[in-house]
file entry12.cif (mmCIF, C-alpha atoms and all ligand atoms)
data_final
loop_
_atom_site.label_atom_id
_atom_site.label_comp_id
_atom_site.auth_asym_id
_atom_site.auth_seq_id
_atom_site.Cartn_x
_atom_site.Cartn_y
_atom_site.Cartn_z
CA MET L 234 133.64 85.01 102.22
CA ARG L 235 132.71 84.91 105.88
CA VAL L 236 129.19 86.32 106.15
CA ALA L 237 127.26 87.36 109.26
CA VAL L 238 123.51 86.81 108.80
CA THR L 239 121.30 88.49 111.38
CA GLY L 240 117.90 86.81 111.59
CA GLY L 241 119.51 83.68 110.12
CA GLY L 242 117.22 81.46 112.21
CA GLY L 243 114.13 82.76 110.42
CA PHE L 244 112.40 81.79 107.20
CA LEU L 245 114.46 83.75 104.66
CA GLY L 246 117.60 83.93 106.80
CA SER L 247 117.89 80.16 107.11
CA TYR L 248 117.70 79.74 103.33
CA LEU L 249 120.30 82.45 102.88
CA CYS L 250 122.66 80.77 105.37
CA GLU L 251 122.19 77.46 103.58
CA ALA L 252 122.78 78.88 100.11
CA LEU L 253 125.97 80.64 101.25
CA LEU L 254 127.28 77.51 102.97
CA ARG L 255 126.52 75.37 99.91
CA ARG L 256 128.62 77.60 97.68
CA GLY L 257 131.53 77.46 100.13
CA ASP L 258 131.18 80.58 102.26
CA ALA L 259 131.52 80.58 106.03
CA VAL L 260 128.41 81.79 107.86
CA VAL L 261 127.87 83.27 111.30
CA CYS L 262 124.16 83.27 112.09
CA LEU L 263 122.92 85.69 114.76
CA ASP L 264 119.39 85.23 116.07
CA ASN L 265 117.32 85.48 119.24
CA PHE L 266 114.55 83.17 117.96
CA SER L 267 111.86 85.74 118.71
CA THR L 268 110.08 84.71 115.49
CA GLY L 269 112.58 82.17 114.13
CA GLN L 270 113.09 78.58 115.22
CA PRO L 271 116.17 76.44 115.98
CA LYS L 272 114.78 73.74 113.70
CA ASN L 273 115.16 76.10 110.73
CA ILE L 274 118.93 75.81 111.06
CA ALA L 275 119.21 72.33 112.60
CA HIS L 276 120.42 70.91 109.28
CA LEU L 277 123.17 73.53 109.00
CA TRP L 278 125.22 72.17 111.92
CA GLU L 279 126.65 69.57 109.54
CA PHE L 280 128.59 72.36 107.78
CA PRO L 281 131.91 72.94 109.61
CA ALA L 282 131.81 76.56 108.36
CA PHE L 283 128.52 77.28 110.18
CA GLU L 284 128.57 79.19 113.46
CA PHE L 285 125.67 80.38 115.58
CA ILE L 286 125.57 83.24 118.06
CA HIS L 287 122.47 83.63 120.19
CA ALA L 288 122.06 87.40 120.28
CA ASP L 289 119.48 90.12 120.36
CA VAL L 290 121.06 92.37 117.74
CA SER L 291 119.13 95.36 119.12
CA VAL L 292 121.46 95.05 122.12
CA ALA L 293 124.68 94.03 120.34
CA ALA L 294 125.83 92.47 117.08
CA ASP L 295 129.35 91.32 117.83
CA VAL L 296 131.16 88.64 115.87
CA PRO L 297 134.68 87.55 116.84
CA GLY L 298 137.14 87.48 113.94
CA PRO L 299 137.00 89.16 110.55
CA ILE L 300 133.95 89.10 108.30
CA ASP L 301 133.44 90.14 104.69
CA ALA L 302 129.72 90.83 104.62
CA VAL L 303 126.74 91.42 106.90
CA ALA L 304 123.24 90.51 105.75
CA HIS L 305 120.79 92.18 108.12
CA LEU L 306 117.52 90.24 108.08
CA ALA L 307 116.65 90.31 111.78
CA SER L 308 113.13 91.66 112.27
CA PRO L 309 109.68 90.26 112.81
CA ALA L 310 108.07 90.21 109.36
CA SER L 311 104.57 88.76 109.68
CA PRO L 312 101.94 91.37 110.63
CA PRO L 313 100.70 89.35 113.65
CA ASP L 314 104.33 89.05 114.81
CA TYR L 315 105.20 92.72 114.56
CA LEU L 316 101.88 93.79 116.03
CA ARG L 317 102.58 91.43 118.96
CA LEU L 318 106.18 92.73 119.26
CA PRO L 319 105.86 96.45 118.49
CA LEU L 320 108.74 97.76 120.60
CA GLN L 321 111.07 94.91 119.63
CA THR L 322 110.28 95.59 115.96
CA LEU L 323 111.11 99.27 116.30
CA ALA L 324 114.26 98.39 118.26
CA VAL L 325 115.61 95.92 115.73
CA GLY L 326 114.84 98.23 112.80
CA SER L 327 116.66 101.11 114.50
CA ARG L 328 119.25 100.04 117.09
CA GLY L 329 119.55 96.58 115.54
CA THR L 330 120.32 98.10 112.15
CA GLU L 331 122.83 100.51 113.70
CA ASN L 332 124.58 97.63 115.51
CA ALA L 333 124.70 95.58 112.29
CA LEU L 334 126.03 98.60 110.38
CA GLU L 335 128.75 99.11 113.01
CA LEU L 336 129.71 95.45 112.63
CA ALA L 337 130.10 96.04 108.88
CA ARG L 338 132.00 99.30 109.37
CA ARG L 339 134.49 97.76 111.84
CA ASN L 340 135.20 94.97 109.34
CA ASN L 341 135.16 97.07 106.19
CA ALA L 342 132.47 94.64 105.05
CA ARG L 343 129.62 94.73 102.56
CA PHE L 344 126.24 95.47 104.28
CA LEU L 345 122.94 94.21 102.92
CA LEU L 346 119.69 95.54 104.38
CA ALA L 347 116.55 93.43 103.97
CA SER L 348 113.98 96.19 103.63
CA THR L 349 110.40 95.73 102.53
CA SER L 350 107.64 96.76 100.16
CA GLU L 351 105.96 98.08 103.31
CA VAL L 352 108.08 101.23 102.93
CA TYR L 353 105.53 102.08 100.20
CA GLY L 354 102.72 101.72 102.78
CA ASP L 355 99.30 101.72 101.13
CA PRO L 356 100.65 102.88 97.77
CA LEU L 357 98.88 105.58 95.77
CA VAL L 358 101.01 104.70 92.74
CA HIS L 359 100.66 101.32 91.09
CA PRO L 360 102.75 99.32 90.33
CA GLN L 361 105.59 100.52 92.56
CA ASP L 362 109.09 101.41 91.43
CA GLU L 363 111.89 102.56 93.70
CA GLU L 364 111.30 106.25 92.92
CA TYR L 365 107.97 106.17 94.75
CA TRP L 366 108.25 107.58 98.30
CA GLY L 367 105.27 105.76 99.72
CA ASN L 368 102.09 106.44 101.64
CA VAL L 369 102.69 105.38 105.23
CA ASN L 370 100.54 106.18 108.26
CA PRO L 371 103.24 107.10 110.81
CA VAL L 372 101.00 106.51 113.83
CA GLY L 373 98.95 103.48 112.72
CA PRO L 374 99.61 100.00 114.15
CA ARG L 375 101.68 98.92 111.11
CA SER L 376 103.98 101.93 111.57
CA VAL L 377 106.13 99.95 114.03
CA TYR L 378 107.30 97.89 111.07
CA ASP L 379 107.01 100.38 108.21
CA GLU L 380 108.72 103.27 109.96
CA ALA L 381 111.39 101.04 111.48
CA LYS L 382 112.30 99.85 107.99
CA ARG L 383 112.19 103.38 106.59
CA TYR L 384 114.57 104.46 109.35
CA ALA L 385 116.72 101.40 108.63
CA GLU L 386 117.01 102.50 104.99
CA ALA L 387 117.83 106.08 106.02
CA VAL L 388 120.53 105.14 108.53
CA SER L 389 122.03 102.59 106.14
CA LEU L 390 122.39 105.17 103.38
CA ALA L 391 123.78 107.68 105.88
CA TYR L 392 126.48 105.13 106.75
CA ARG L 393 127.19 104.75 103.04
CA ARG L 394 127.32 108.49 102.35
CA SER L 395 129.11 109.72 105.44
CA LEU L 396 131.22 106.73 106.51
CA GLY L 397 131.77 104.98 103.18
CA VAL L 398 130.25 101.66 104.26
CA ASP L 399 129.43 99.47 101.24
CA VAL L 400 125.67 99.44 101.87
CA GLY L 401 123.06 97.84 99.61
CA ILE L 402 119.29 97.89 100.14
CA ILE L 403 116.69 95.54 98.78
CA ARG L 404 112.94 95.91 99.23
CA ILE L 405 111.36 92.49 99.51
CA PHE L 406 107.77 91.92 98.36
CA ASN L 407 105.64 89.12 99.90
CA THR L 408 107.76 85.98 99.82
CA TYR L 409 106.55 82.51 100.77
CA GLY L 410 107.65 78.90 100.74
CA PRO L 411 108.53 75.87 102.84
CA ARG L 412 109.92 76.49 106.33
CA MET L 413 107.55 79.36 107.13
CA ARG L 414 105.77 78.81 110.42
CA LEU L 415 102.43 77.33 109.45
CA HIS L 416 100.69 79.59 111.95
CA ASP L 417 102.71 82.77 111.43
CA GLY L 418 99.57 84.54 110.20
CA ARG L 419 100.77 85.50 106.73
CA VAL L 420 98.20 84.86 104.05
CA VAL L 421 99.82 81.98 102.14
CA THR L 422 100.50 79.92 105.24
CA SER L 423 97.18 80.84 106.85
CA PHE L 424 95.23 79.61 103.84
CA ILE L 425 97.31 76.44 103.54
CA ALA L 426 96.93 75.66 107.26
CA GLN L 427 93.19 76.26 107.10
CA ALA L 428 92.69 74.26 103.90
CA LEU L 429 94.72 71.29 105.14
CA SER L 430 92.83 71.14 108.42
CA GLY L 431 89.37 71.66 106.85
CA LYS L 432 88.81 74.97 108.64
CA PRO L 433 87.30 78.02 106.92
CA LEU L 434 89.72 80.20 104.93
CA THR L 435 89.74 83.62 106.60
CA ILE L 436 89.63 86.41 104.03
CA TYR L 437 90.15 89.87 105.53
CA GLY L 438 87.99 92.54 103.87
CA ASP L 439 86.36 91.72 100.54
CA GLY L 440 89.39 89.83 99.24
CA LYS L 441 89.89 92.21 96.32
CA GLN L 442 93.13 93.59 97.74
CA THR L 443 96.20 92.37 95.87
CA ARG L 444 99.69 91.16 96.65
CA SER L 445 102.50 89.90 94.42
CA PHE L 446 103.94 86.64 95.67
CA CYS L 447 107.56 85.56 95.25
CA TYR L 448 108.81 82.02 95.86
CA VAL L 449 111.66 81.74 98.33
CA SER L 450 114.28 80.26 95.96
CA ASP L 451 113.87 83.20 93.58
CA LEU L 452 114.21 85.69 96.39
CA ILE L 453 117.36 84.09 97.79
CA ARG L 454 119.03 84.27 94.35
CA GLY L 455 118.30 87.99 94.36
CA LEU L 456 119.62 88.45 97.90
CA ILE L 457 122.88 86.77 97.00
CA ALA L 458 123.26 88.74 93.76
CA MET L 459 122.87 91.94 95.77
CA LEU L 460 125.23 90.75 98.49
CA ASP L 461 127.90 89.98 95.87
CA SER L 462 127.51 93.35 94.14
CA SER L 463 128.52 96.80 95.32
CA GLU L 464 125.21 98.34 94.28
CA ALA L 465 123.49 100.68 96.74
CA GLY L 466 119.95 100.15 95.50
CA PRO L 467 117.32 100.30 96.75
CA PHE L 468 116.08 97.54 94.46
CA ASN L 469 112.67 95.92 94.56
CA LEU L 470 112.84 92.12 94.77
CA GLY L 471 109.54 90.41 94.18
CA ASN L 472 107.49 88.51 91.66
CA PRO L 473 105.27 90.91 89.68
CA GLU L 474 102.60 88.19 89.40
CA GLU L 475 99.75 90.02 91.17
CA TRP L 476 96.91 88.11 92.84
CA THR L 477 93.80 89.15 94.69
CA VAL L 478 93.51 87.52 98.09
CA SER L 479 90.25 85.86 96.94
CA ASP L 480 91.96 84.30 93.92
CA LEU L 481 94.77 83.08 96.14
CA ALA L 482 92.19 81.42 98.43
CA GLN L 483 90.67 79.65 95.40
CA LEU L 484 94.11 78.52 94.26
CA VAL L 485 94.89 77.02 97.66
CA LEU L 486 91.51 75.23 97.71
CA GLU L 487 92.21 73.78 94.25
CA ILE L 488 95.74 72.66 95.06
CA THR L 489 94.82 71.09 98.39
CA GLY L 490 91.52 69.65 97.15
CA SER L 491 89.98 71.02 100.33
CA ASP L 492 86.28 71.74 100.70
CA SER L 493 86.86 74.41 103.36
CA GLU L 494 84.46 77.35 103.28
CA ILE L 495 85.43 80.99 102.88
CA GLN L 496 84.84 83.21 105.91
CA TYR L 497 85.06 87.00 105.72
CA HIS L 498 86.63 89.05 108.54
CA PRO L 499 87.25 92.79 108.96
CA LEU L 500 90.21 94.23 107.07
CA PRO L 501 93.10 95.11 109.44
CA THR L 502 93.84 98.83 109.87
CA ASP L 503 95.91 100.34 107.04
CA ASP L 504 96.05 97.05 105.14
CA PRO L 505 97.48 98.03 101.71
CA VAL L 506 94.94 97.80 98.88
CA ARG L 507 97.36 96.72 96.15
CA ARG L 508 100.98 95.96 95.68
CA ARG L 509 103.09 94.96 92.70
CA PRO L 510 106.79 95.58 92.17
CA ILE L 511 108.45 97.00 89.11
CA ILE L 512 111.67 94.98 89.02
CA THR L 513 113.47 96.65 86.11
CA ARG L 514 116.29 97.88 88.34
CA ALA L 515 117.05 94.51 89.88
CA HIS L 516 116.96 92.99 86.40
CA GLU L 517 119.28 95.59 84.88
CA HIS L 518 121.76 95.85 87.76
CA LEU L 519 121.75 92.30 89.11
CA GLY L 520 120.47 90.30 86.13
CA TRP L 521 117.77 89.01 88.48
CA ILE L 522 114.38 87.76 87.41
CA PRO L 523 111.99 85.49 89.33
CA GLU L 524 111.22 82.14 87.70
CA VAL L 525 108.68 80.28 89.84
CA ARG L 526 105.02 80.88 88.99
CA VAL L 527 102.71 81.34 91.97
CA ALA L 528 100.64 78.23 91.18
CA ASP L 529 103.83 76.16 91.14
CA GLY L 530 105.33 77.70 94.28
CA VAL L 531 102.11 77.28 96.28
CA CYS L 532 101.98 73.65 95.12
CA ARG L 533 105.52 73.04 96.39
CA THR L 534 104.70 74.78 99.68
CA VAL L 535 101.54 72.71 100.20
CA GLU L 536 103.48 69.51 99.54
CA TRP L 537 106.11 70.50 102.07
CA PHE L 538 103.55 71.16 104.80
CA ARG L 539 101.66 67.97 103.92
CA SER L 540 104.80 65.89 104.25
CA ARG L 541 105.33 67.33 107.72
CA ALA L 542 101.81 66.53 108.94
CA TYR L 543 101.22 70.21 109.79
CA ASP L 544 103.92 70.12 112.46
CA ASP L 545 104.45 73.75 113.36
CA GLY L 546 106.20 73.12 116.67
CA PRO L 547 106.08 75.54 119.54
CA LEU L 548 107.28 79.11 119.12
CA VAL L 549 110.76 79.06 120.61
CA THR L 550 111.75 82.06 122.66
CA VAL L 551 114.70 80.80 124.68
CA ALA L 552 118.34 80.26 123.85
CA ASP L 553 118.81 76.78 122.53
CA PRO L 554 121.59 76.79 119.96
CA GLU L 555 122.25 73.07 120.42
CA VAL L 556 118.86 72.00 119.00
P1 LIG P 601 111.10 85.62 110.11
O1 LIG P 601 110.28 86.16 111.22
O2 LIG P 601 110.94 84.19 109.75
O3 LIG P 601 112.65 85.85 110.38
C1 LIG P 601 113.14 86.93 111.11
C2 LIG P 601 114.26 86.42 112.00
O4 LIG P 601 114.83 87.53 112.73
C3 LIG P 601 113.76 85.41 113.05
O5 LIG P 601 114.59 84.30 113.07
C4 LIG P 601 113.85 86.20 114.35
O6 LIG P 601 114.02 85.36 115.47
C5 LIG P 601 115.02 87.11 114.08
N1 LIG P 601 115.03 88.31 114.92
C6 LIG P 601 114.04 89.20 115.11
N2 LIG P 601 114.43 90.17 115.96
C7 LIG P 601 115.71 89.87 116.32
C8 LIG P 601 116.66 90.48 117.17
N3 LIG P 601 116.38 91.61 117.84
N4 LIG P 601 117.88 89.92 117.29
C9 LIG P 601 118.18 88.77 116.62
N5 LIG P 601 117.33 88.15 115.80
C10 LIG P 601 116.10 88.69 115.66
O7 LIG P 601 110.81 86.56 108.86
P2 LIG P 601 111.30 86.45 107.34
O8 LIG P 601 110.10 86.36 106.47
O9 LIG P 601 112.37 85.45 107.21
O10 LIG P 601 111.91 87.92 107.12
C11 LIG P 601 113.31 88.14 107.16
C12 LIG P 601 113.59 89.59 106.81
O11 LIG P 601 113.09 89.88 105.50
C13 LIG P 601 112.95 90.60 107.75
O12 LIG P 601 113.85 91.66 107.97
C14 LIG P 601 111.75 91.08 106.99
O13 LIG P 601 111.39 92.39 107.36
C15 LIG P 601 112.23 91.01 105.55
N6 LIG P 601 111.09 90.85 104.64
C16 LIG P 601 110.47 89.63 104.50
C17 LIG P 601 109.39 89.53 103.64
C18 LIG P 601 108.68 88.23 103.41
O14 LIG P 601 107.67 88.23 102.68
N7 LIG P 601 109.10 87.11 103.92
C19 LIG P 601 108.91 90.67 102.96
C20 LIG P 601 109.55 91.87 103.18
C21 LIG P 601 110.65 91.96 104.00
N1 LIG P 602 95.04 88.15 104.75
C1 LIG P 602 93.81 87.49 104.71
N2 LIG P 602 93.61 86.40 105.50
C2 LIG P 602 94.59 85.93 106.34
C3 LIG P 602 95.84 86.61 106.38
C4 LIG P 602 96.02 87.72 105.58
O1 LIG P 602 92.91 87.87 103.95
O2 LIG P 602 94.33 84.94 107.04
C5 LIG P 602 95.25 89.31 103.86
C6 LIG P 602 95.79 90.55 104.55
O3 LIG P 602 94.75 91.31 105.10
C7 LIG P 602 96.49 91.23 103.40
C8 LIG P 602 97.02 90.07 102.54
O4 LIG P 602 96.23 88.95 102.92
O5 LIG P 602 95.59 91.98 102.65
C9 LIG P 602 98.49 89.77 102.75
O6 LIG P 602 98.69 89.60 104.15
P1 LIG P 602 100.08 89.13 104.78
O7 LIG P 602 99.91 89.20 106.27
O8 LIG P 602 100.50 87.84 104.20
O9 LIG P 602 101.14 90.19 104.26
P2 LIG P 602 101.18 91.80 104.19
O10 LIG P 602 99.89 92.37 104.69
O11 LIG P 602 102.33 92.16 105.06
O12 LIG P 602 101.40 92.08 102.77
#

call {"tool": "encode", "arguments": {"input": "entry12.cif", "output": "structure tokens", "more": "lines below"}}
Ligand code: NAD
Ligand code: UDP
result
Amino acid sequence: MRVAVTGGGGFLGSYLCEALLRRGDAVVCLDNFSTGQPKNIAHLWEFPAFEFIHADVSVAADVPGPIDAVAHLASPASPPDYLRLPLQTLAVGSRGTENALELARRNNARFLLASTSEVYGDPLVHPQDEEYWGNVNPVGPRSVYDEAKRYAEAVSLAYRRSLGVDVGIIRIFNTYGPRMRLHDGRVVTSFIAQALSGKPLTIYGDGKQTRSFCYVSDLIRGLIAMLDSSEAGPFNLGNPEEWTVSDLAQLVLEITGSDSEIQYHPLPTDDPVRRRPIITRAHEHLGWIPEVRVADGVCRTVEWFRSRAYDDGPLVTVADPEV
């Protein structure tokens, strides 16, 4: 296959590009490095079948030559990122998704949308299956991400129903691992960065809110299974292992051996109270099941950051495909 991966310079996208290349696919990565980094894909230049196009897919998603599949991952994903880039987040969820869908339609290609558990908002039903419609504040600060993704799901399924595009949707629950930006503000990396540098771990609220954390290798297996299928979904992809934020902080302290203190900060507006996926559908339709326990995945992530001496590098915002 020749696969176009939007957002391929980001955390998940770079792993997806790599996994596809390793199994023999050709990959065209499209990214504007708004939240991704050239170093995420630096090791992929050794694959002759790897191409890179510096593009803001909200403006255009054009790829010369035929392609067989489009995986649309472009979007800020960390809350501090999408709160810092509200209009860009709305643009890439709406116009960016439309441009990526058009790319798939022109090529008669499979289209995979990376949606999110945030479509459930602050869920009133727990745990969440795909039948739940969600509880989203349409005018709160997080709405730039949540509503953009909800629109992205709607327009993708409209392309499937009315234009026959082979669309599949997955809803990703909190995923972590090596290659995240150490300072991207998501909880796993924040706690690791703080613990490794001896700074206080910042718990927002009382720390009793929960998330379910999936290790990156598990998630990428699920993405590829969905890409290879002709299922429409939506399917939840996530690890049902549910942790309070406080327990996660303790885990990071244990794994790092850090004696950092815990510091409490106000809970961000509309921060979901609990979140855990029901993954029966992904299991039944894709044969997918996550394998990496949180304690193990956090250990691997800590080791990765340790071995890089906390080198987060600058946030790259300019075109630099040669890096
Ligand atoms: P990330 O920020 O590391 O990657 C996103 C990538 O998209 C970056 O490389 C960024 O530069 C690129 N991008 C953003 N806007 C763009 C645009 N207009 N044009 C071209 N490229 C653009 O985030 P991630 O964690 O890798 O997330 C990837 C996708 O998965 C996102 O769509 C996100 O919403 C979804 N997702 C991730 C998680 C998670 O826990 N990691 C959870 C739910 C959903
Ligand atoms: N969180 C926290 N301290 C941090 C960063 C995040 O307590 O330094 C909390 C955040 O308020 C939320 C949870 O951890 O309740 C997960 O946050 P993250 O930004 O990783 O993901 P999301 O909110 O998108 O699930």

call {"tool": "residues_around", "arguments": {"input": "entry12.cif", "residues": "region 412-414 of chain L", "least_positions_apart": "2", "cutoff": "12 Å", "atoms": "only C-alpha atoms", "output": "ChimeraX atom specification"}}
result
/L:242-248,268-275,310-311,314,408-410,416-423,425-426,448-450,533-538,540-541,543-549

call {"tool": "residues_around", "arguments": {"input": "entry12.cif", "residues": "region 490-507 of chain L", "least_positions_apart": "6", "cutoff": "10 Å", "atoms": "only C-alpha atoms", "output": "number ranges by chain"}}
result
L: 312, 351, 353-361, 368-370, 373-376, 424-425, 427-445, 475-477, 479, 482-484

call {"tool": "residues_around", "arguments": {"input": "entry12.cif", "residues": "region 340-349 of chain L", "least_positions_apart": "2", "cutoff": "8 Å", "atoms": "only C-alpha atoms", "output": "VMD selection string"}}
result
chain L and resid 299 to 306 334 336 to 338 351 to 352 382 to 383 385 to 386 389 398 to 406 459 to 460 463

call {"tool": "closest_residue", "arguments": {"input": "entry12.cif", "among": "L:Glu380, L:Asp295, L:Glu363, L:Glu284", "to": "Arg339 (chain L)", "atoms": "all atoms listed in the file"}}
result
L:Asp295

call {"tool": "residues_near_point", "arguments": {"input": "entry12.cif", "point": "(123.9, 103.1, 113.6)", "cutoff": "9 Å", "atoms": "only C-alpha atoms", "output": "PyMOL selection string"}}
result
chain L and resi 327-335+385+388-389+391-392

call {"tool": "atom_distance", "arguments": {"input": "entry12.cif", "atom1": "CA of Val531 (chain L)", "atom2": "atom O4 of ligand LIG 602 (chain P)"}}
result
14.7 Å

call {"tool": "closest_residue", "arguments": {"input": "entry12.cif", "among": "L:Leu481, L:Cys532, L:Val377, L:Val325", "to": "ligand LIG 602 (chain P)", "atoms": "all atoms listed in the file"}}
result
L:Leu481

call {"tool": "closest_residue", "arguments": {"input": "entry12.cif", "among": "L:Arg509, L:Arg526, L:His516, L:Arg454", "to": "ligand LIG 602 (chain P)", "atoms": "only C-alpha atoms and all ligand atoms"}}
result
L:Arg509

call {"tool": "closest_residue", "arguments": {"input": "entry12.cif", "among": "L:Ala252, L:Cys262, L:Ala294, L:Ala465", "to": "Gly397 (chain L)", "atoms": "all atoms listed in the file"}}
result
L:Ala465

call {"tool": "closest_residue", "arguments": {"input": "entry12.cif", "among": "L:Asp529, L:Asp451, L:Glu364, L:Asp264", "to": "Arg514 (chain L)", "atoms": "only C-alpha atoms"}}
result
L:Glu364

call {"tool": "atom_distance", "arguments": {"input": "entry12.cif", "atom1": "CA of Val260 (chain L)", "atom2": "CA of Asn407 (chain L)"}}
result
25.2 Å

call {"tool": "axis_aligned_box", "arguments": {"input": "entry12.cif", "around": "ligand LIG 602 (chain P)", "padding_each_side": "4 Å", "output": "AutoDock Vina command-line options"}}
result
--center_x 97.6 --center_y 88.7 --center_z 104.8 --size_x 17.4 --size_y 15.4 --size_z 12.5

call {"tool": "closest_residue", "arguments": {"input": "entry12.cif", "among": "L:Ala259, L:Cys250, L:Met234, L:Val292", "to": "ligand LIG 601 (chain P)", "atoms": "all atoms listed in the file"}}
result
L:Val292

call {"tool": "atom_distance", "arguments": {"input": "entry12.cif", "atom1": "atom O8 of ligand LIG 602 (chain P)", "atom2": "CA of Val478 (chain L)"}}
result
9.3 Å

call {"tool": "residues_around", "arguments": {"input": "entry12.cif", "residues": "Asn265 (chain L)", "least_positions_apart": "2", "cutoff": "6 Å", "atoms": "only C-alpha atoms", "output": "PyMOL selection string"}}
result
chain L and resi 267+287-289

call {"tool": "build_atoms", "arguments": {"input": "entry12.cif", "residues": "region 416-430 of chain L", "atoms": "N, CA and C atoms", "output": "PDB file, keeping the file's coordinate frame"}}
result
ATOM      1  N   HIS L 416     101.654  78.703 111.294  1.00  0.00           N
ATOM      2  CA  HIS L 416     100.690  79.590 111.950  1.00  0.00           C
ATOM      3  C   HIS L 416     101.276  80.989 112.162  1.00  0.00           C
ATOM      4  N   ASP L 417     102.112  81.442 111.225  1.00  0.00           N
ATOM      5  CA  ASP L 417     102.710  82.770 111.430  1.00  0.00           C
ATOM      6  C   ASP L 417     101.762  83.892 111.031  1.00  0.00           C
ATOM      7  N   GLY L 418     100.615  83.541 110.448  1.00  0.00           N
ATOM      8  CA  GLY L 418      99.570  84.540 110.200  1.00  0.00           C
ATOM      9  C   GLY L 418      99.646  85.201 108.845  1.00  0.00           C
ATOM     10  N   ARG L 419     100.721  84.917 108.074  1.00  0.00           N
ATOM     11  CA  ARG L 419     100.770  85.500 106.730  1.00  0.00           C
ATOM     12  C   ARG L 419      99.808  84.736 105.823  1.00  0.00           C
ATOM     13  N   VAL L 420      99.371  85.387 104.753  1.00  0.00           N
ATOM     14  CA  VAL L 420      98.200  84.860 104.050  1.00  0.00           C
ATOM     15  C   VAL L 420      98.438  83.489 103.420  1.00  0.00           C
ATOM     16  N   VAL L 421      99.607  83.264 102.825  1.00  0.00           N
ATOM     17  CA  VAL L 421      99.820  81.980 102.140  1.00  0.00           C
ATOM     18  C   VAL L 421      99.769  80.839 103.143  1.00  0.00           C
ATOM     19  N   THR L 422     100.493  80.991 104.248  1.00  0.00           N
ATOM     20  CA  THR L 422     100.500  79.920 105.240  1.00  0.00           C
ATOM     21  C   THR L 422      99.159  79.799 105.955  1.00  0.00           C
ATOM     22  N   SER L 423      98.498  80.920 106.204  1.00  0.00           N
ATOM     23  CA  SER L 423      97.180  80.840 106.850  1.00  0.00           C
ATOM     24  C   SER L 423      96.234  80.017 106.003  1.00  0.00           C
ATOM     25  N   PHE L 424      96.166  80.338 104.710  1.00  0.00           N
ATOM     26  CA  PHE L 424      95.230  79.610 103.840  1.00  0.00           C
ATOM     27  C   PHE L 424      95.609  78.136 103.730  1.00  0.00           C
ATOM     28  N   ILE L 425      96.901  77.847 103.640  1.00  0.00           N
ATOM     29  CA  ILE L 425      97.310  76.440 103.540  1.00  0.00           C
ATOM     30  C   ILE L 425      96.947  75.706 104.837  1.00  0.00           C
ATOM     31  N   ALA L 426      97.237  76.316 105.979  1.00  0.00           N
ATOM     32  CA  ALA L 426      96.930  75.660 107.260  1.00  0.00           C
ATOM     33  C   ALA L 426      95.425  75.406 107.365  1.00  0.00           C
ATOM     34  N   GLN L 427      94.642  76.399 106.985  1.00  0.00           N
ATOM     35  CA  GLN L 427      93.190  76.260 107.100  1.00  0.00           C
ATOM     36  C   GLN L 427      92.669  75.194 106.131  1.00  0.00           C
ATOM     37  N   ALA L 428      93.163  75.233 104.894  1.00  0.00           N
ATOM     38  CA  ALA L 428      92.690  74.260 103.900  1.00  0.00           C
ATOM     39  C   ALA L 428      93.063  72.831 104.299  1.00  0.00           C
ATOM     40  N   LEU L 429      94.281  72.652 104.797  1.00  0.00           N
ATOM     41  CA  LEU L 429      94.720  71.290 105.140  1.00  0.00           C
ATOM     42  C   LEU L 429      94.000  70.741 106.358  1.00  0.00           C
ATOM     43  N   SER L 430      93.504  71.643 107.219  1.00  0.00           N
ATOM     44  CA  SER L 430      92.830  71.140 108.420  1.00  0.00           C
ATOM     45  C   SER L 430      91.309  71.247 108.301  1.00  0.00           C
TER      46      SER L 430
END
